[in-house]
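Coordinates as given in structure.cif (mmCIF, C-alpha atoms):
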```cif
data_target
#
loop_
_atom_site.label_atom_id
_atom_site.label_comp_id
_atom_site.auth_asym_id
_atom_site.auth_seq_id
_atom_site.Cartn_x
_atom_site.Cartn_y
_atom_site.Cartn_z
CA MET W 1 2.15 84.16 -71.91
CA THR W 2 3.52 86.34 -74.71
CA ALA W 3 7.23 86.84 -75.38
CA ARG W 4 6.91 90.51 -74.35
CA VAL W 5 5.39 89.60 -70.97
CA LYS W 6 8.08 86.94 -70.39
CA LEU W 7 10.82 89.45 -71.21
CA LYS W 8 9.23 92.04 -68.93
CA LEU W 9 9.15 89.57 -66.04
CA SER W 10 12.74 88.51 -66.68
CA VAL W 11 14.05 92.08 -66.77
CA SER W 12 12.05 92.96 -63.65
CA LYS W 13 13.44 89.94 -61.78
CA ILE W 14 17.02 90.82 -62.76
CA ILE W 15 16.61 94.43 -61.60
CA GLN W 16 14.97 93.40 -58.32
CA PHE W 17 17.61 90.73 -57.67
CA PHE W 18 20.38 93.28 -58.22
CA ASP W 19 18.68 95.80 -55.94
CA HIS W 20 17.28 93.57 -53.19
CA LYS W 21 20.14 91.06 -52.93
CA ILE W 22 23.24 93.05 -53.87
CA ILE W 23 22.80 96.83 -53.59
CA ILE W 24 20.92 96.63 -50.28
CA LYS W 25 24.00 94.99 -48.70
CA MET W 26 26.34 97.74 -49.88
CA ASP W 27 27.13 101.17 -48.51
CA CYS W 28 25.52 102.83 -51.53
CA HIS W 29 26.87 106.28 -50.72
CA LYS W 30 30.46 105.02 -50.80
CA LEU W 31 29.81 103.15 -54.05
CA LYS W 32 27.68 105.89 -55.61
CA PHE W 33 30.15 106.60 -58.43
CA PHE W 34 30.20 102.94 -59.45
CA ILE W 35 26.40 102.60 -59.24
CA ASP W 36 25.92 105.78 -61.30
CA ILE W 37 28.17 104.36 -64.03
CA VAL W 38 26.13 101.12 -64.08
CA PHE W 39 22.85 103.01 -64.50
CA ILE W 40 24.25 105.39 -67.15
CA THR W 41 25.61 102.46 -69.15
CA SER W 42 22.34 100.53 -68.79
CA GLU W 43 20.33 103.48 -70.09
CA LYS W 44 22.56 103.82 -73.15
CA ILE W 45 22.07 100.12 -73.97
CA PHE W 46 18.33 99.99 -73.26
CA SER W 47 17.66 103.15 -75.29
CA LYS W 48 18.75 101.39 -78.50
CA PHE W 49 16.07 98.68 -78.37
CA ASN W 50 12.39 99.65 -78.32
CA ILE W 51 11.13 96.74 -76.24
CA LEU W 52 13.90 97.16 -73.64
CA LEU W 53 13.30 100.91 -73.62
CA LEU W 54 9.61 100.49 -72.79
CA LEU W 55 10.37 97.88 -70.13
CA TYR W 56 12.96 100.17 -68.56
CA ILE W 57 10.48 103.06 -68.40
CA ASP W 58 7.72 100.81 -67.05
CA ASN W 59 10.01 99.64 -64.24
CA TYR W 60 9.92 103.19 -62.82
CA MET W 61 6.12 103.41 -62.77
CA GLU W 62 5.65 102.52 -59.11
CA SER W 63 8.34 104.97 -57.96
CA ILE W 64 6.89 107.82 -60.02
CA GLN W 65 3.36 107.13 -58.77
CA ASN W 66 4.70 107.24 -55.21
CA GLU W 67 6.31 110.62 -55.90
CA ILE W 68 3.16 111.98 -57.54
CA GLN W 69 1.25 111.18 -54.36
CA LEU W 70 4.08 112.43 -52.14
CA ALA W 71 4.07 115.92 -53.69
CA ASN W 72 0.44 115.97 -54.90
CA ILE W 73 1.64 116.60 -58.45
CA SER W 74 -1.06 117.72 -60.88
CA GLY W 75 -1.35 119.03 -64.41
CA ASN W 76 -1.21 122.58 -63.06
CA HIS W 77 2.39 122.24 -61.90
CA LYS W 78 5.45 123.24 -63.89
CA ILE W 79 8.12 120.63 -63.18
CA LEU W 80 11.90 120.40 -63.57
CA ASN W 81 13.79 117.10 -63.61
CA MET W 82 17.51 117.59 -62.91
CA GLY W 83 19.60 114.78 -64.38
CA CYS W 84 17.05 113.29 -66.78
CA GLY W 85 19.59 110.93 -68.41
CA SER W 86 19.47 109.16 -71.77
CA ILE W 87 16.08 107.64 -70.96
CA PRO W 88 13.98 110.41 -69.34
CA ALA W 89 11.61 107.97 -67.61
CA THR W 90 10.63 110.51 -64.94
CA CYS W 91 9.62 113.10 -67.53
CA ILE W 92 7.74 110.55 -69.62
CA LEU W 93 5.75 108.99 -66.78
CA ILE W 94 4.87 112.25 -65.00
CA ALA W 95 3.69 113.77 -68.29
CA LYS W 96 1.52 110.71 -68.99
CA GLU W 97 0.20 110.28 -65.44
CA THR W 98 -0.54 113.94 -64.61
CA ASN W 99 -0.65 115.78 -67.95
CA ALA W 100 1.82 118.28 -66.45
CA LYS W 101 4.48 120.05 -68.48
CA ILE W 102 7.97 119.01 -67.48
CA THR W 103 11.50 120.09 -68.42
CA GLY W 104 14.35 117.61 -68.19
CA ILE W 105 17.97 118.78 -68.10
CA ASP W 106 21.28 116.95 -68.26
CA LYS W 107 24.84 118.16 -68.67
CA ASN W 108 25.81 115.20 -70.85
CA LEU W 109 25.17 116.21 -74.46
CA LYS W 110 24.96 112.62 -75.75
CA SER W 111 22.34 111.81 -73.11
CA VAL W 112 20.33 114.89 -74.08
CA LYS W 113 20.37 113.98 -77.78
CA CYS W 114 19.20 110.45 -76.98
CA ALA W 115 16.48 111.72 -74.60
CA LYS W 116 15.14 114.12 -77.24
CA ILE W 117 14.84 111.28 -79.76
CA ILE W 118 12.90 109.16 -77.25
CA ILE W 119 10.52 112.01 -76.37
CA SER W 120 9.85 112.60 -80.06
CA LYS W 121 9.36 108.87 -80.69
CA LEU W 122 6.77 108.73 -77.91
CA LYS W 123 5.05 111.88 -79.26
CA LEU W 124 5.43 113.82 -76.02
CA ASP W 125 7.06 116.97 -77.45
CA ASP W 126 4.08 119.09 -76.38
CA LYS W 127 4.48 118.03 -72.74
CA VAL W 128 8.21 117.33 -72.28
CA GLU W 129 11.14 119.60 -73.10
CA ILE W 130 14.71 118.30 -72.86
CA LYS W 131 17.58 120.78 -72.50
CA HIS W 132 21.36 120.51 -72.42
CA SER W 133 22.28 122.37 -69.26
CA ASP W 134 24.30 122.17 -66.07
CA ALA W 135 22.04 122.08 -63.00
CA MET W 136 24.41 124.50 -61.26
CA ASN W 137 23.60 127.28 -63.76
CA PHE W 138 19.94 126.59 -64.46
CA GLN W 139 17.30 129.18 -63.60
CA LEU W 140 14.71 127.82 -61.17
CA ASN W 141 12.26 130.73 -60.86
CA ASP W 142 9.53 129.22 -63.05
CA PHE W 143 9.27 125.77 -61.48
CA ASP W 144 6.78 124.58 -58.87
CA ILE W 145 8.36 121.16 -58.36
CA ILE W 146 12.04 120.25 -58.80
CA ILE W 147 12.96 116.56 -58.99
CA ILE W 148 16.64 115.84 -58.38
CA ALA W 149 17.95 112.52 -59.69
CA ASN W 150 20.06 110.31 -57.45
CA GLY W 151 22.91 110.44 -59.97
CA ILE W 152 23.24 114.24 -59.94
CA ASN W 153 26.73 115.69 -59.50
CA PRO W 154 28.24 117.60 -57.77
CA TYR W 155 25.92 116.24 -55.11
CA TYR W 156 26.07 118.90 -52.35
CA ASP W 157 26.64 121.89 -54.64
CA VAL W 158 23.52 121.23 -56.72
CA LEU W 159 21.36 120.94 -53.61
CA GLU W 160 22.82 124.16 -52.23
CA HIS W 161 22.09 125.93 -55.54
CA VAL W 162 18.51 124.68 -55.47
CA ALA W 163 18.01 125.69 -51.84
CA LYS W 164 19.15 129.25 -52.56
CA ASN W 165 17.39 129.80 -55.87
CA MET W 166 14.10 127.85 -55.79
CA LYS W 167 10.82 129.75 -55.49
CA ASP W 168 9.57 130.31 -51.94
CA ASP W 169 6.60 128.00 -52.50
CA ALA W 170 8.40 125.41 -54.64
CA ILE W 171 8.79 121.77 -53.60
CA VAL W 172 11.85 119.57 -54.11
CA ILE W 173 11.78 115.79 -54.52
CA PHE W 174 15.27 114.48 -53.83
CA ARG W 175 16.14 110.85 -54.58
CA THR W 176 18.87 109.34 -52.47
CA PHE W 177 20.09 106.09 -51.02
CA SER W 178 18.66 105.11 -47.66
CA HIS W 179 19.77 103.07 -44.72
CA CYS W 180 17.48 100.27 -43.59
CA LYS W 181 13.72 100.86 -43.18
CA GLY W 182 13.63 103.77 -45.61
CA GLU W 183 15.26 106.24 -43.24
CA LEU W 184 17.55 109.13 -44.18
CA ALA W 185 21.20 108.06 -44.24
CA SER W 186 23.60 109.92 -41.95
CA LYS W 187 25.47 111.29 -44.98
CA ASP W 188 22.29 113.18 -45.95
CA TYR W 189 21.71 114.83 -42.57
CA PHE W 190 23.16 118.02 -44.09
CA LEU W 191 19.79 118.47 -45.83
CA ASN W 192 18.51 119.89 -42.54
CA ASN W 193 20.90 122.82 -43.00
CA LEU W 194 19.59 123.64 -46.48
CA PHE W 195 15.88 122.75 -46.43
CA ILE W 196 12.87 122.03 -44.28
CA LEU W 197 12.49 118.25 -44.43
CA GLY W 198 9.11 116.79 -45.32
CA LYS W 199 7.81 113.27 -45.81
CA ILE W 200 9.90 110.40 -47.14
CA THR W 201 8.65 107.62 -49.38
CA SER W 202 10.47 104.38 -50.17
CA HIS W 203 9.96 102.21 -53.23
CA LYS W 204 9.36 98.45 -53.16
CA LYS W 205 11.09 97.83 -56.49
CA SER W 206 14.09 99.93 -55.45
CA SER W 207 14.56 98.99 -51.81
CA SER W 208 17.69 101.09 -51.36
CA LEU W 209 16.22 104.26 -52.87
CA ILE W 210 14.00 106.82 -51.16
CA SER W 211 12.40 110.10 -52.25
CA VAL W 212 12.58 112.98 -49.78
CA LEU W 213 10.26 115.99 -49.86
CA LEU W 214 12.12 119.27 -49.25
CA TYR W 215 10.83 122.82 -48.71
CA LYS W 216 12.58 126.17 -48.88
CA LYS W 217 13.83 127.59 -45.61
CA ARG W 218 12.49 131.04 -44.87
CA LYS W 219 15.03 133.79 -44.26
CA LYS W 220 15.09 135.04 -40.70
CA ASN W 221 14.33 138.75 -40.29
#
```

Using the file provided, produce a representation of the structure as structure tokens.
Amino acid sequence: MTARVKLKLSVSKIIQFFDHKIIIKMDCHKLKFFIDIVFITSEKIFSKFNILLLLYIDNYMESIQNEIQLANISGNHKILNMGCGSIPATCILIAKETNAKITGIDKNLKSVKCAKIIISKLKLDDKVEIKHSDAMNFQLNDFDIIIIANGINPYYDVLEHVAKNMKDDAIVIFRTFSHCKGELASKDYFLNNLFILGKITSHKKSSSLISVLLYKKRKKN
């Protein structure tokens, strides 16, 4: 077994232990601020070391493949990732898996600069565009699929903005913390007021995280 494979297994075990033994026992919605800080800090550290960077991205593969199937994402779709972070794993993996063009945005300028360097390093500039922008002010008219990161803030306001301004035939993939068995948590029941709820997929590697498919509500005549 090579050193790279050993490191990959070790990192994977640490992440799964943290998620399956610790996070799953918490009320993740109440601790969301703390968890967001942990992930933001982890991304900044992992982004500085190539081998850790690639392992970090690879850890998201299963979740992204689940979301690709959930929304039937193809190379014909124009995709927006809100809250791409310092390591734009979603953008990278969707571009590689589907050949689609994807735009990642983040309101943290340092994260955007880091993400742009990674995209350039991986030679994905023709497929992935990273922009410094606040999700609350971003134009949504051109996008077929909008992926909203779990760490997005302000939580409700961004979703309300998306619900009002997305295209009529656009699809939203919203990542959020679940209660047991991959069900929607009570704190997210407000989604019914903003969207038409679709299928939900849970992820084995991230037992506390689910992806929810959302559709635009039609205006009543």

Atom CA of Ile92 of chain W and atom CA of Phe177 of chain W, how far apart in Å? 22.8 Å

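For the pair atom CA of Thr176 of chain W and atom CA of Leu209 of chain W, the interatomic distance is 5.7 Å.
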
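If you count all atoms listed in the file and ignore residues fewer than 5 places along the chain from Pro154 of chain W, what sits within 12 Å of it is W:Lys32, W:Phe33, W:Met82, W:Gly83, W:Lys107, W:Asp134, W:Ala135, W:Met136, W:Ile148, W:Ala149, W:Leu159, W:Glu160, W:His161.
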
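Checking W:Leu124, W:Ile68, W:Ala115, W:Ile146 one by one against Lys96 of chain W, counting all atoms listed in the file, you find the shortest gap at W:Leu124.
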
Atom CA of Lys101 of chain W to atom CA of Val162 of chain W: how many Å, to one decimal? 19.7 Å

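The set of residues that the PyMOL selection byres ((chain W and resi 186-201) around 7) takes from this file is Glu160, Ala163, Leu184, Ala185, Ser202, His203, Ile210, Ser211, Val212, Leu213, Leu214, Tyr215, Lys216 and Lys217 of chain W.
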